[in-house]
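Heads up, query36.cif below (mmCIF, C-alpha atoms):
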data_work
#
loop_
_atom_site.label_atom_id
_atom_site.label_comp_id
_atom_site.auth_asym_id
_atom_site.auth_seq_id
_atom_site.Cartn_x
_atom_site.Cartn_y
_atom_site.Cartn_z
CA MET A 1 20.70 -8.49 19.56
CA ILE A 2 20.25 -11.26 16.99
CA SER A 3 17.12 -9.63 15.55
CA ALA A 4 18.99 -6.33 15.16
CA LEU A 5 22.04 -7.71 13.36
CA VAL A 6 20.56 -8.53 9.95
CA PRO A 7 18.52 -5.30 9.44
CA ILE A 8 21.49 -3.15 10.45
CA PHE A 9 23.84 -5.07 8.15
CA PHE A 10 21.63 -4.80 5.06
CA SER A 11 20.87 -1.14 5.77
CA LEU A 12 24.59 -0.37 5.81
CA LEU A 13 25.07 -2.29 2.54
CA LEU A 14 22.29 -0.21 0.94
CA PHE A 15 24.17 2.93 1.96
CA GLY A 16 27.08 1.67 -0.12
CA LEU A 17 29.56 0.71 2.60
CA PRO A 18 32.19 -1.87 1.68
CA ILE A 19 31.32 -5.32 2.96
CA PHE A 20 34.11 -5.46 5.58
CA ALA A 21 33.07 -2.07 6.99
CA ALA A 22 29.38 -3.05 7.00
CA LEU A 23 30.18 -6.24 8.92
CA ALA A 24 32.37 -4.52 11.52
CA LEU A 25 30.09 -1.50 11.95
CA THR A 26 27.05 -3.79 12.32
CA VAL A 27 28.70 -5.49 15.29
CA THR A 28 29.78 -2.14 16.77
CA LEU A 29 26.31 -0.58 16.53
CA THR A 30 24.61 -3.71 17.85
CA LEU A 31 26.88 -3.80 20.91
CA TYR A 32 26.51 -0.05 21.48
CA PHE A 33 22.72 0.04 21.38
CA PHE A 34 21.68 -3.48 22.48
CA GLY A 35 24.66 -5.12 24.19
CA ALA A 36 26.31 -5.02 27.59
CA ILE A 37 29.87 -5.34 26.17
CA ASP A 38 32.14 -2.39 25.28
CA PRO A 39 32.25 -1.99 21.48
CA LEU A 40 36.05 -1.64 21.77
CA VAL A 41 36.06 -5.44 21.71
CA VAL A 42 35.30 -5.31 17.96
CA PRO A 43 38.82 -4.41 16.73
CA MET A 44 40.22 -7.05 19.11
CA ARG A 45 37.96 -9.67 17.53
CA MET A 46 38.90 -8.48 14.05
CA PHE A 47 42.57 -8.90 14.87
CA SER A 48 42.08 -12.34 16.42
CA GLY A 49 40.14 -13.39 13.31
CA MET A 50 43.19 -12.64 11.15
CA ASN A 51 45.69 -14.01 13.67
CA ASN A 52 45.56 -17.48 12.17
CA PHE A 53 48.54 -19.34 10.72
CA SER A 54 46.48 -20.91 7.93
CA LEU A 55 45.44 -17.47 6.64
CA MET A 56 49.11 -16.57 6.07
CA SER A 57 49.01 -18.79 2.99
CA ILE A 58 46.43 -16.58 1.24
CA PRO A 59 48.88 -13.78 0.16
CA PHE A 60 51.34 -16.45 -1.01
CA PHE A 61 48.71 -18.22 -3.13
CA ILE A 62 47.65 -14.90 -4.65
CA LEU A 63 51.27 -13.97 -5.40
CA ALA A 64 52.00 -17.35 -7.00
CA ALA A 65 48.92 -17.01 -9.22
CA GLU A 66 49.86 -13.44 -10.23
CA LEU A 67 53.41 -14.53 -11.08
CA MET A 68 52.14 -17.31 -13.34
CA ARG A 69 49.40 -15.15 -14.90
CA ILE A 70 51.72 -12.24 -15.75
CA GLY A 71 54.38 -14.77 -16.72
CA GLY A 72 52.34 -15.82 -19.76
CA LEU A 73 51.06 -19.14 -18.46
CA SER A 74 47.49 -18.50 -19.66
CA ASP A 75 48.47 -18.75 -23.34
CA ARG A 76 50.38 -21.97 -22.77
CA LEU A 77 47.55 -23.63 -20.83
CA ILE A 78 45.04 -22.64 -23.49
CA GLY A 79 47.32 -24.11 -26.15
CA LEU A 80 47.51 -27.37 -24.22
CA ALA A 81 43.73 -27.52 -23.76
CA ARG A 82 43.13 -26.89 -27.47
CA ALA A 83 45.60 -29.61 -28.42
CA LEU A 84 43.92 -32.11 -26.08
CA ILE A 85 40.21 -31.54 -26.80
CA GLY A 86 39.95 -28.84 -29.47
CA TRP A 87 39.07 -31.49 -32.07
CA MET A 88 35.79 -32.38 -30.30
CA PRO A 89 32.42 -30.87 -31.31
CA GLY A 90 32.55 -27.40 -29.81
CA GLY A 91 36.21 -28.05 -29.15
CA LEU A 92 37.20 -24.41 -28.67
CA ALA A 93 34.47 -23.94 -26.05
CA ALA A 94 35.42 -27.22 -24.37
CA ALA A 95 39.06 -26.11 -24.37
CA THR A 96 37.96 -22.93 -22.58
CA VAL A 97 36.51 -25.02 -19.75
CA LEU A 98 39.62 -27.21 -19.56
CA SER A 99 41.83 -24.09 -19.54
CA CYS A 100 39.85 -22.73 -16.57
CA LEU A 101 40.36 -26.05 -14.77
CA PHE A 102 44.11 -25.93 -15.44
CA PHE A 103 44.47 -22.28 -14.45
CA GLY A 104 42.24 -22.74 -11.39
CA SER A 105 44.68 -25.33 -10.10
CA ILE A 106 47.21 -22.50 -9.94
CA SER A 107 45.21 -19.39 -9.05
CA GLY A 108 42.66 -20.67 -6.51
CA SER A 109 40.52 -17.66 -7.42
CA SER A 110 37.36 -17.39 -9.49
CA PRO A 111 37.66 -13.79 -10.82
CA ALA A 112 41.37 -14.31 -11.59
CA THR A 113 40.50 -17.38 -13.69
CA VAL A 114 37.82 -15.46 -15.61
CA ILE A 115 40.27 -12.61 -16.33
CA ALA A 116 43.20 -14.81 -17.32
CA ILE A 117 41.25 -17.15 -19.60
CA GLY A 118 38.35 -14.92 -20.64
CA THR A 119 40.43 -12.08 -22.05
CA ILE A 120 42.04 -14.53 -24.49
CA MET A 121 39.23 -16.98 -25.19
CA PHE A 122 36.21 -14.66 -25.53
CA PRO A 123 37.57 -12.89 -28.65
CA ALA A 124 38.76 -16.27 -30.00
CA LEU A 125 35.33 -17.88 -29.52
CA VAL A 126 33.49 -14.97 -31.14
CA ALA A 127 35.95 -14.90 -34.06
CA ALA A 128 35.42 -18.65 -34.56
CA GLY A 129 31.67 -18.09 -34.97
CA TYR A 130 30.39 -18.91 -31.46
CA ASP A 131 27.49 -16.85 -30.15
CA LYS A 132 28.82 -14.12 -27.86
CA TYR A 133 26.19 -14.77 -25.17
CA PHE A 134 26.99 -18.47 -25.07
CA SER A 135 30.71 -17.63 -24.94
CA ILE A 136 30.62 -15.15 -22.07
CA GLY A 137 28.13 -17.22 -20.06
CA LEU A 138 30.40 -20.25 -20.39
CA ILE A 139 33.53 -18.32 -19.40
CA ALA A 140 31.86 -16.75 -16.34
CA THR A 141 30.67 -20.16 -15.14
CA ALA A 142 33.86 -22.07 -15.94
CA GLY A 143 35.74 -19.48 -13.90
CA THR A 144 34.07 -20.88 -10.77
CA LEU A 145 36.34 -23.92 -11.13
CA GLY A 146 39.14 -21.69 -9.78
CA PRO A 147 38.21 -21.93 -6.08
CA ILE A 148 36.89 -25.52 -6.31
CA VAL A 149 39.91 -27.29 -7.79
CA PRO A 150 42.78 -27.38 -5.28
CA PRO A 151 44.51 -25.30 -4.06
CA SER A 152 41.68 -22.97 -3.03
CA ILE A 153 41.75 -19.75 -1.00
CA ALA A 154 38.11 -20.24 0.03
CA LEU A 155 38.85 -23.71 1.41
CA ILE A 156 41.73 -22.29 3.45
CA ILE A 157 39.28 -19.85 5.05
CA TYR A 158 36.75 -22.64 5.68
CA GLY A 159 39.44 -24.79 7.28
CA SER A 160 40.55 -21.93 9.53
CA VAL A 161 37.05 -21.19 10.88
CA THR A 162 35.93 -24.81 11.34
CA GLY A 163 39.23 -26.39 12.38
CA SER A 164 39.12 -28.77 9.40
CA SER A 165 42.27 -30.08 7.72
CA VAL A 166 43.21 -27.89 4.74
CA GLY A 167 44.99 -30.85 3.15
CA LYS A 168 41.84 -32.98 3.32
CA LEU A 169 39.76 -30.10 1.93
CA PHE A 170 42.13 -29.70 -1.01
CA ALA A 171 41.93 -33.44 -1.71
CA ALA A 172 38.13 -33.35 -1.48
CA GLY A 173 37.82 -30.59 -4.10
CA LEU A 174 39.51 -32.46 -6.95
CA ILE A 175 36.75 -34.82 -8.15
CA PRO A 176 33.92 -32.24 -7.71
CA ALA A 177 35.93 -29.82 -9.89
CA ILE A 178 36.46 -32.51 -12.54
CA LEU A 179 32.74 -33.41 -12.37
CA ILE A 180 31.66 -29.80 -12.95
CA ALA A 181 34.19 -29.37 -15.77
CA SER A 182 32.97 -32.59 -17.41
CA ILE A 183 29.33 -31.45 -17.25
CA LEU A 184 30.24 -28.09 -18.83
CA ILE A 185 32.32 -29.77 -21.56
CA LEU A 186 29.43 -32.13 -22.37
CA TYR A 187 27.12 -29.10 -22.59
CA CYS A 188 29.58 -27.43 -24.99
CA CYS A 189 29.61 -30.51 -27.23
CA LEU A 190 25.82 -30.91 -27.35
CA TYR A 191 25.16 -27.18 -27.83
CA SER A 192 27.79 -26.94 -30.58
CA LEU A 193 26.40 -29.99 -32.41
CA LYS A 194 22.97 -28.35 -32.33
CA LYS A 195 24.30 -25.02 -33.63
CA GLY A 196 26.80 -26.51 -36.06
CA TYR A 197 29.83 -24.74 -34.65
CA PRO A 198 33.18 -25.61 -36.26
CA ARG A 199 35.68 -28.15 -34.95
CA GLU A 200 39.43 -27.76 -34.92
CA LYS A 201 41.55 -30.28 -36.80
CA PHE A 202 42.76 -33.37 -34.96
CA PRO A 203 46.28 -32.65 -33.66
CA THR A 204 49.30 -34.75 -34.49
CA ALA A 205 51.36 -36.37 -31.75
CA GLY A 206 54.04 -33.76 -32.39
CA GLU A 207 51.61 -30.87 -31.87
CA ILE A 208 50.39 -32.38 -28.61
CA TRP A 209 53.97 -32.85 -27.41
CA ILE A 210 54.85 -29.23 -28.26
CA ALA A 211 51.80 -27.98 -26.33
CA VAL A 212 52.69 -30.16 -23.34
CA LYS A 213 56.32 -29.04 -23.42
CA ARG A 214 55.37 -25.34 -23.56
CA SER A 215 53.09 -25.64 -20.51
CA LEU A 216 55.09 -28.19 -18.51
CA TRP A 217 56.81 -25.67 -16.23
CA GLY A 218 53.50 -24.02 -15.39
CA LEU A 219 51.83 -27.34 -14.66
CA GLY A 220 54.62 -28.07 -12.20
CA LEU A 221 53.19 -25.47 -9.81
CA PRO A 222 50.17 -27.49 -8.60
CA VAL A 223 52.47 -30.53 -8.36
CA ILE A 224 54.70 -28.60 -5.93
CA LEU A 225 51.73 -27.23 -4.00
CA LEU A 226 49.80 -30.45 -3.56
CA GLY A 227 52.77 -32.81 -3.61
CA GLY A 228 54.44 -30.85 -0.84
CA ILE A 229 51.33 -30.99 1.33
CA TYR A 230 50.46 -34.66 0.81
CA SER A 231 54.05 -35.86 1.11
CA GLY A 232 54.33 -34.14 4.49
CA MET A 233 57.21 -31.92 3.36
CA PHE A 234 55.24 -28.66 3.68
CA THR A 235 52.30 -27.21 5.53
CA PRO A 236 49.83 -25.42 3.20
CA THR A 237 51.44 -22.08 4.09
CA GLU A 238 54.98 -23.35 3.45
CA SER A 239 53.79 -24.95 0.22
CA ALA A 240 52.35 -21.63 -0.96
CA ALA A 241 55.64 -19.85 -0.18
CA ALA A 242 57.57 -22.49 -2.16
CA ALA A 243 55.12 -21.98 -5.04
CA CYS A 244 55.94 -18.25 -5.06
CA LEU A 245 59.65 -18.96 -5.46
CA TYR A 246 58.87 -21.46 -8.21
CA GLY A 247 56.53 -19.02 -9.98
CA TRP A 248 59.16 -16.25 -9.83
CA PHE A 249 61.85 -18.60 -11.19
CA VAL A 250 59.66 -19.81 -14.07
CA GLY A 251 58.48 -16.31 -15.00
CA THR A 252 61.89 -14.63 -14.90
CA VAL A 253 64.36 -17.38 -15.83
CA ILE A 254 62.42 -19.96 -17.91
CA TYR A 255 59.70 -17.91 -19.69
CA ARG A 256 61.58 -14.58 -19.28
CA THR A 257 58.36 -12.57 -19.32
CA ILE A 258 58.61 -10.88 -15.90
CA SER A 259 60.81 -7.78 -15.70
CA LEU A 260 61.80 -5.92 -12.54
CA LYS A 261 59.09 -3.34 -13.25
CA GLY A 262 56.58 -6.13 -13.84
CA LEU A 263 57.58 -7.74 -10.53
CA PHE A 264 56.77 -4.55 -8.63
CA GLU A 265 53.37 -4.42 -10.37
CA ILE A 266 52.71 -8.05 -9.38
CA LEU A 267 53.63 -7.32 -5.74
CA ARG A 268 51.37 -4.26 -5.77
CA ASN A 269 48.39 -6.22 -7.14
CA THR A 270 49.02 -9.01 -4.64
CA GLY A 271 49.11 -6.56 -1.73
CA LEU A 272 45.87 -4.88 -2.78
CA LEU A 273 44.00 -8.14 -3.31
CA SER A 274 45.37 -9.73 -0.13
CA GLY A 275 44.54 -6.65 1.93
CA THR A 276 41.00 -6.58 0.59
CA LEU A 277 40.43 -10.26 1.30
CA LEU A 278 41.93 -10.15 4.79
CA LEU A 279 39.94 -7.03 5.71
CA ILE A 280 36.76 -8.85 4.72
CA THR A 281 37.94 -11.83 6.78
CA ALA A 282 38.51 -9.55 9.79
CA GLY A 283 35.04 -7.96 9.55
CA ALA A 284 33.37 -11.31 9.06
CA ALA A 285 35.27 -12.74 12.05
CA ALA A 286 33.77 -10.05 14.32
CA PHE A 287 30.31 -10.75 12.89
CA SER A 288 30.76 -14.49 13.40
CA TRP A 289 31.91 -13.89 17.01
CA ILE A 290 28.79 -11.94 17.96
CA LEU A 291 26.59 -14.64 16.42
CA ALA A 292 28.37 -17.29 18.49
CA SER A 293 28.34 -15.23 21.69
CA THR A 294 24.57 -14.72 21.47
CA GLY A 295 23.97 -18.46 21.13
CA ALA A 296 22.69 -18.19 17.56
CA PRO A 297 24.22 -21.55 16.47
CA THR A 298 22.44 -23.41 19.29
CA MET A 299 19.15 -21.66 18.60
CA LEU A 300 19.41 -22.38 14.88
CA ALA A 301 20.28 -26.04 15.52
CA THR A 302 17.32 -26.43 17.86
CA LYS A 303 14.88 -24.94 15.35
CA VAL A 304 16.23 -26.86 12.36
CA LEU A 305 16.41 -30.23 14.09
CA ALA A 306 13.00 -29.72 15.70
CA GLY A 307 11.52 -29.62 12.20
CA THR A 308 13.41 -32.60 10.79
CA THR A 309 16.48 -34.74 11.39
CA SER A 310 16.59 -36.03 7.81
CA PRO A 311 20.01 -35.33 6.24
CA VAL A 312 18.30 -34.87 2.87
CA ALA A 313 15.95 -32.18 4.17
CA VAL A 314 18.57 -30.43 6.32
CA MET A 315 21.11 -30.23 3.49
CA GLY A 316 18.41 -29.10 1.06
CA LEU A 317 17.56 -26.24 3.46
CA PHE A 318 21.22 -25.34 3.92
CA ASN A 319 21.81 -25.33 0.17
CA LEU A 320 18.93 -22.89 -0.24
CA ILE A 321 20.27 -20.61 2.52
CA MET A 322 23.79 -20.62 1.09
CA LEU A 323 22.61 -19.96 -2.46
CA VAL A 324 20.74 -16.87 -1.20
CA ALA A 325 23.70 -15.79 0.96
CA GLY A 326 26.08 -16.21 -1.97
CA ALA A 327 24.01 -13.71 -3.96
CA VAL A 328 24.48 -10.93 -1.37
CA LEU A 329 27.83 -11.77 0.30
CA ASP A 330 31.28 -12.51 -1.09
CA SER A 331 32.59 -16.03 -0.50
CA ALA A 332 34.98 -15.17 2.34
CA SER A 333 32.33 -13.33 4.37
CA ALA A 334 29.69 -16.00 3.75
CA ILE A 335 32.03 -18.81 4.81
CA ILE A 336 33.12 -17.09 8.02
CA VAL A 337 29.56 -16.15 8.99
CA LEU A 338 27.69 -19.31 7.93
CA ALA A 339 30.15 -22.19 8.34
CA PRO A 340 30.38 -22.00 12.16
CA LEU A 341 26.57 -21.87 12.31
CA MET A 342 25.76 -24.67 9.89
CA GLN A 343 28.64 -27.13 10.08
CA PRO A 344 27.85 -28.37 13.63
CA ILE A 345 24.22 -28.97 12.63
CA ALA A 346 25.30 -30.80 9.47
CA ALA A 347 27.60 -32.96 11.62
CA GLN A 348 24.64 -33.87 13.86
CA VAL A 349 22.81 -35.35 10.87
CA GLY A 350 25.89 -37.27 9.73
CA VAL A 351 27.52 -34.97 7.17
CA ASP A 352 31.32 -35.04 7.36
CA PRO A 353 32.91 -31.56 7.91
CA ILE A 354 35.14 -32.05 4.85
CA HIS A 355 32.15 -32.98 2.68
CA PHE A 356 30.22 -30.00 4.06
CA GLY A 357 33.14 -27.72 3.16
CA ILE A 358 32.92 -28.74 -0.50
CA ILE A 359 29.13 -28.32 -0.47
CA THR A 360 29.59 -24.82 0.99
CA LEU A 361 32.20 -23.91 -1.62
CA VAL A 362 30.12 -25.07 -4.60
CA ASN A 363 27.09 -23.16 -3.25
CA LEU A 364 29.09 -19.96 -2.92
CA SER A 365 30.67 -20.52 -6.34
CA VAL A 366 27.15 -20.36 -7.77
CA GLY A 367 26.85 -17.10 -5.83
CA MET A 368 29.74 -15.73 -7.92
CA LEU A 369 27.30 -15.86 -10.85
CA THR A 370 24.22 -14.26 -9.26
CA PRO A 371 23.51 -10.53 -8.79
CA PRO A 372 23.98 -8.26 -6.95
CA VAL A 373 27.42 -9.36 -5.67
CA GLY A 374 28.42 -11.97 -8.29
CA LEU A 375 32.05 -10.99 -8.93
CA ASN A 376 32.37 -13.21 -12.00
CA LEU A 377 29.53 -11.30 -13.64
CA PHE A 378 31.27 -7.95 -13.13
CA VAL A 379 34.56 -9.31 -14.51
CA ALA A 380 32.72 -10.82 -17.49
CA MET A 381 30.95 -7.49 -18.10
CA GLY A 382 34.33 -5.84 -18.60
CA ILE A 383 35.54 -8.57 -20.96
CA ALA A 384 32.42 -8.69 -23.15
CA LYS A 385 31.35 -5.03 -22.82
CA MET A 386 27.83 -6.16 -21.87
CA SER A 387 25.43 -5.13 -19.11
CA LEU A 388 25.07 -7.07 -15.86
CA PHE A 389 21.64 -8.35 -16.91
CA GLU A 390 22.95 -9.55 -20.30
CA VAL A 391 25.83 -11.50 -18.73
CA PHE A 392 23.56 -13.02 -16.07
CA ARG A 393 21.02 -14.07 -18.70
CA ALA A 394 23.82 -15.55 -20.82
CA ALA A 395 25.08 -17.58 -17.85
CA LEU A 396 21.65 -18.94 -16.77
CA PRO A 397 21.90 -22.30 -18.63
CA THR A 398 25.32 -23.04 -17.15
CA ILE A 399 24.20 -21.82 -13.71
CA LEU A 400 21.45 -24.47 -13.82
CA LEU A 401 24.09 -27.07 -14.70
CA MET A 402 26.12 -25.90 -11.68
CA VAL A 403 23.07 -26.37 -9.45
CA GLY A 404 22.61 -29.88 -10.84
CA ALA A 405 26.25 -30.65 -10.03
CA LEU A 406 25.70 -29.19 -6.54
CA LEU A 407 22.87 -31.67 -5.91
CA LEU A 408 25.06 -34.59 -7.00
CA ILE A 409 27.90 -33.41 -4.74
CA THR A 410 25.51 -32.87 -1.82
CA TYR A 411 23.77 -36.23 -1.91
CA ILE A 412 26.62 -38.48 -3.13
CA PRO A 413 29.34 -38.03 -0.46
CA TRP A 414 31.69 -40.41 -2.33
CA ILE A 415 32.39 -37.67 -4.91
CA SER A 416 34.03 -35.48 -2.27
CA MET A 417 35.31 -38.07 0.19
CA VAL A 418 36.93 -40.80 -1.92
CA ILE A 419 40.34 -39.09 -2.26
CA PRO A 420 40.59 -37.78 1.34
CA ASN A 421 39.63 -41.22 2.66
CA ALA A 422 42.27 -42.86 0.47
CA LEU A 423 45.04 -40.40 1.37
CA TYR A 424 44.29 -40.08 5.09
#
Encoded form using structure tokens:
Amino acid sequence: MISALVPIFFSLLLFGLPIFAALALTVTLTLYFFGAIDPLVVPMRMFSGMNNFSLMSIPFFILAAELMRIGGLSDRLIGLARALIGWMPGGLAAATVLSCLFFGSISGSSPATVIAIGTIMFPALVAAGYDKYFSIGLIATAGTLGPIVPPSIALIIYGSVTGSSVGKLFAAGLIPAILIASILILYCCLYSLKKGYPREKFPTAGEIWIAVKRSLWGLGLPVILLGGIYSGMFTPTESAAAACLYGWFVGTVIYRTISLKGLFEILRNTGLLSGTLLLITAGAAAFSWILASTGAPTMLATKVLAGTTSPVAVMGLFNLIMLVAGAVLDSASAIIVLAPLMQPIAAQVGVDPIHFGIITLVNLSVGMLTPPVGLNLFVAMGIAKMSLFEVFRAALPTILLMVGALLLITYIPWISMVIPNALY
């Protein structure tokens, strides 16, 4: 059965089936032709895959991000980022990265971050004289900070399939996100010095204060989310629900940018995105179940550890596998299929499950930038009106920087583990 799974799955993808349908139908066909179990078990496994309390937080996180995005938070965060670092060499580009970091701490989504920041900053960068390929490549890559900086939808899924603490995973993502943002900002400065791009004027204390004051309500959202979790007041799901109420209050009462009609549009978008993500989760859960029931994790562990027990070699192999998987699967599917297979093996060579979760997430964030399934590339195509190949080529330098950050995060556990160890 194991040897039939992969060919069937990729054949169905080539026929153009949606990923969730390809995953579920692969399991159904494999059981029908090669298994001794009734294929009716597939919908049961899909339901049990979604019947998880932690996954209830996903629609709430998406709704909170939509409320703040439609509520005009993007403009305010960009204004704050420009006031803080716009005066540096390549300051406008560096402010784009910092804006993605700020917005990612609210959205938890990579494509949402690219849309919210890219639609504003791409025209601004081009108008300021920045090369359009540099600009769109930077925006597509900086958008990957969305799922890495806490809170993160992908980390919720990883926690649900591996039994890891979502609170610890959120804490572990903070420094890796700051590291990646710092590397991208340094790249912006060096590239802009080389090209002679303009700087913005140094802001006065008053201008900085105005920018902070305009964005203060929006920046309160991650404080509520993470503060509620780490203080013990909320579970991640309860924290996400509280964030929705806060986002609605800020958008309708404080910023006054969300009308009743706009609220219905936000709820509609949230329902569509949540339904899509949870359907993928359901299909991937069935696929993950059949892998586990056939003993694939044990077989993989035996083969990997028979070749080497070196953590360096094992994690290098796993990074390679996940980079390839990220190019052909969306993050949710890849996490649900691969994490139960790889995490026990990583634990056997001494890699903490929380650390491995961050490694997995950064790998799959790189996958958001690689064809044929790199969602950030498709979003960036719409923003820049470029072809897929042009956007991918534009993002190559920053993709290489992401891979360099991945190696640091993989082989220096302190980067991921220092905050969880301090808090817990």
Legend entry - d(CA of Ser99 (chain A), CA of Asn376 (chain A)) in Å: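 According to the coordinates, CA of Ser99 (chain A) and CA of Asn376 (chain A) are separated by 16.3 Å.
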Legend entry - Residue contacts of region 182-196 of chain A (7 Å, all atoms listed in the file) excluding same-chain residues fewer than 6 positions away, as an MDAnalysis selection string: chainID A and resid 89:90 93:94 97
Inset, instruction - Determine the residue membership of the PyMOL selection byres ((chain A and resi 222-227) around 7) for the file above and supply it as JSON, numbers by chain. - result: {"A": [105, 106, 219, 220, 221, 228, 229, 230, 231, 239, 240, 243]}
I want to know what sits within 10 Å of region 393-406 of chain A, based on all atoms listed in the file, with residues of the same chain fewer than 5 positions away left out; could you give that as a tab-separated table (two decimals) with C-alpha atoms, in the frame of the given file?
chain	number	residue	atom	x	y	z
A	132	LYS	CA	28.82	-14.12	-27.86
A	133	TYR	CA	26.19	-14.77	-25.17
A	134	PHE	CA	26.99	-18.47	-25.07
A	135	SER	CA	30.71	-17.63	-24.94
A	136	ILE	CA	30.62	-15.15	-22.07
A	137	GLY	CA	28.13	-17.22	-20.06
A	138	LEU	CA	30.40	-20.25	-20.39
A	139	ILE	CA	33.53	-18.32	-19.40
A	140	ALA	CA	31.86	-16.75	-16.34
A	141	THR	CA	30.67	-20.16	-15.14
A	142	ALA	CA	33.86	-22.07	-15.94
A	144	THR	CA	34.07	-20.88	-10.77
A	176	PRO	CA	33.92	-32.24	-7.71
A	177	ALA	CA	35.93	-29.82	-9.89
A	179	LEU	CA	32.74	-33.41	-12.37
A	180	ILE	CA	31.66	-29.80	-12.95
A	181	ALA	CA	34.19	-29.37	-15.77
A	183	ILE	CA	29.33	-31.45	-17.25
A	184	LEU	CA	30.24	-28.09	-18.83
A	187	TYR	CA	27.12	-29.10	-22.59
A	188	CYS	CA	29.58	-27.43	-24.99
A	319	ASN	CA	21.81	-25.33	0.17
A	323	LEU	CA	22.61	-19.96	-2.46
A	358	ILE	CA	32.92	-28.74	-0.50
A	359	ILE	CA	29.13	-28.32	-0.47
A	360	THR	CA	29.59	-24.82	0.99
A	361	LEU	CA	32.20	-23.91	-1.62
A	362	VAL	CA	30.12	-25.07	-4.60
A	363	ASN	CA	27.09	-23.16	-3.25
A	365	SER	CA	30.67	-20.52	-6.34
A	366	VAL	CA	27.15	-20.36	-7.77
A	367	GLY	CA	26.85	-17.10	-5.83
A	369	LEU	CA	27.30	-15.86	-10.85
A	370	THR	CA	24.22	-14.26	-9.26
A	377	LEU	CA	29.53	-11.30	-13.64
A	387	SER	CA	25.43	-5.13	-19.11
A	388	LEU	CA	25.07	-7.07	-15.86
A	411	TYR	CA	23.77	-36.23	-1.91
A	412	ILE	CA	26.62	-38.48	-3.13
Legend entry - Residue with smallest distance to Ala313 (chain A) - pool A:Val379, A:Leu278, A:Val126, A:Val349, counting only C-alpha atoms: A:Val349
Inset, instruction - Might you spell out which residues the PyMOL selection byres ((chain A and resi 116) around 12) would select in the displayed file, as an MDAnalysis selection string? - result: chainID A and resid 65:78 96 99:104 106:107 109:115 117:122 139:140 142:143 146 379:380 383
Reconstruct N, CA and C atoms of region 248-261 of chain A from the incomplete input and present them as a PDB file, in the frame of the given file.
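Written output follows (selection.pdb):
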ATOM      1  N   TRP A 248      58.207 -17.309  -9.479  1.00  0.00           N
ATOM      2  CA  TRP A 248      59.160 -16.250  -9.830  1.00  0.00           C
ATOM      3  C   TRP A 248      60.263 -16.815 -10.728  1.00  0.00           C
ATOM      4  N   PHE A 249      60.781 -17.987 -10.397  1.00  0.00           N
ATOM      5  CA  PHE A 249      61.850 -18.600 -11.190  1.00  0.00           C
ATOM      6  C   PHE A 249      61.377 -18.893 -12.607  1.00  0.00           C
ATOM      7  N   VAL A 250      60.182 -19.470 -12.747  1.00  0.00           N
ATOM      8  CA  VAL A 250      59.660 -19.810 -14.070  1.00  0.00           C
ATOM      9  C   VAL A 250      59.414 -18.550 -14.898  1.00  0.00           C
ATOM     10  N   GLY A 251      58.810 -17.529 -14.263  1.00  0.00           N
ATOM     11  CA  GLY A 251      58.480 -16.310 -15.000  1.00  0.00           C
ATOM     12  C   GLY A 251      59.683 -15.494 -15.420  1.00  0.00           C
ATOM     13  N   THR A 252      60.726 -15.479 -14.603  1.00  0.00           N
ATOM     14  CA  THR A 252      61.890 -14.630 -14.900  1.00  0.00           C
ATOM     15  C   THR A 252      63.020 -15.370 -15.607  1.00  0.00           C
ATOM     16  N   VAL A 253      63.219 -16.642 -15.285  1.00  0.00           N
ATOM     17  CA  VAL A 253      64.360 -17.380 -15.830  1.00  0.00           C
ATOM     18  C   VAL A 253      63.950 -18.273 -17.007  1.00  0.00           C
ATOM     19  N   ILE A 254      62.822 -19.004 -16.858  1.00  0.00           N
ATOM     20  CA  ILE A 254      62.420 -19.960 -17.910  1.00  0.00           C
ATOM     21  C   ILE A 254      61.646 -19.241 -19.016  1.00  0.00           C
ATOM     22  N   TYR A 255      60.512 -18.587 -18.664  1.00  0.00           N
ATOM     23  CA  TYR A 255      59.700 -17.910 -19.690  1.00  0.00           C
ATOM     24  C   TYR A 255      60.251 -16.527 -20.030  1.00  0.00           C
ATOM     25  N   ARG A 256      60.956 -15.902 -19.095  1.00  0.00           N
ATOM     26  CA  ARG A 256      61.580 -14.580 -19.280  1.00  0.00           C
ATOM     27  C   ARG A 256      60.551 -13.517 -19.691  1.00  0.00           C
ATOM     28  N   THR A 257      59.430 -13.538 -19.017  1.00  0.00           N
ATOM     29  CA  THR A 257      58.360 -12.570 -19.320  1.00  0.00           C
ATOM     30  C   THR A 257      58.108 -11.610 -18.168  1.00  0.00           C
ATOM     31  N   ILE A 258      58.816 -11.757 -17.055  1.00  0.00           N
ATOM     32  CA  ILE A 258      58.610 -10.880 -15.900  1.00  0.00           C
ATOM     33  C   ILE A 258      59.866 -10.028 -15.711  1.00  0.00           C
ATOM     34  N   SER A 259      59.711  -8.719 -15.920  1.00  0.00           N
ATOM     35  CA  SER A 259      60.810  -7.780 -15.700  1.00  0.00           C
ATOM     36  C   SER A 259      60.773  -7.282 -14.259  1.00  0.00           C
ATOM     37  N   LEU A 260      61.776  -6.481 -13.891  1.00  0.00           N
ATOM     38  CA  LEU A 260      61.800  -5.920 -12.540  1.00  0.00           C
ATOM     39  C   LEU A 260      60.601  -5.006 -12.321  1.00  0.00           C
ATOM     40  N   LYS A 261      60.260  -4.200 -13.342  1.00  0.00           N
ATOM     41  CA  LYS A 261      59.090  -3.340 -13.250  1.00  0.00           C
ATOM     42  C   LYS A 261      57.814  -4.173 -13.130  1.00  0.00           C
TER      43      LYS A 261
END
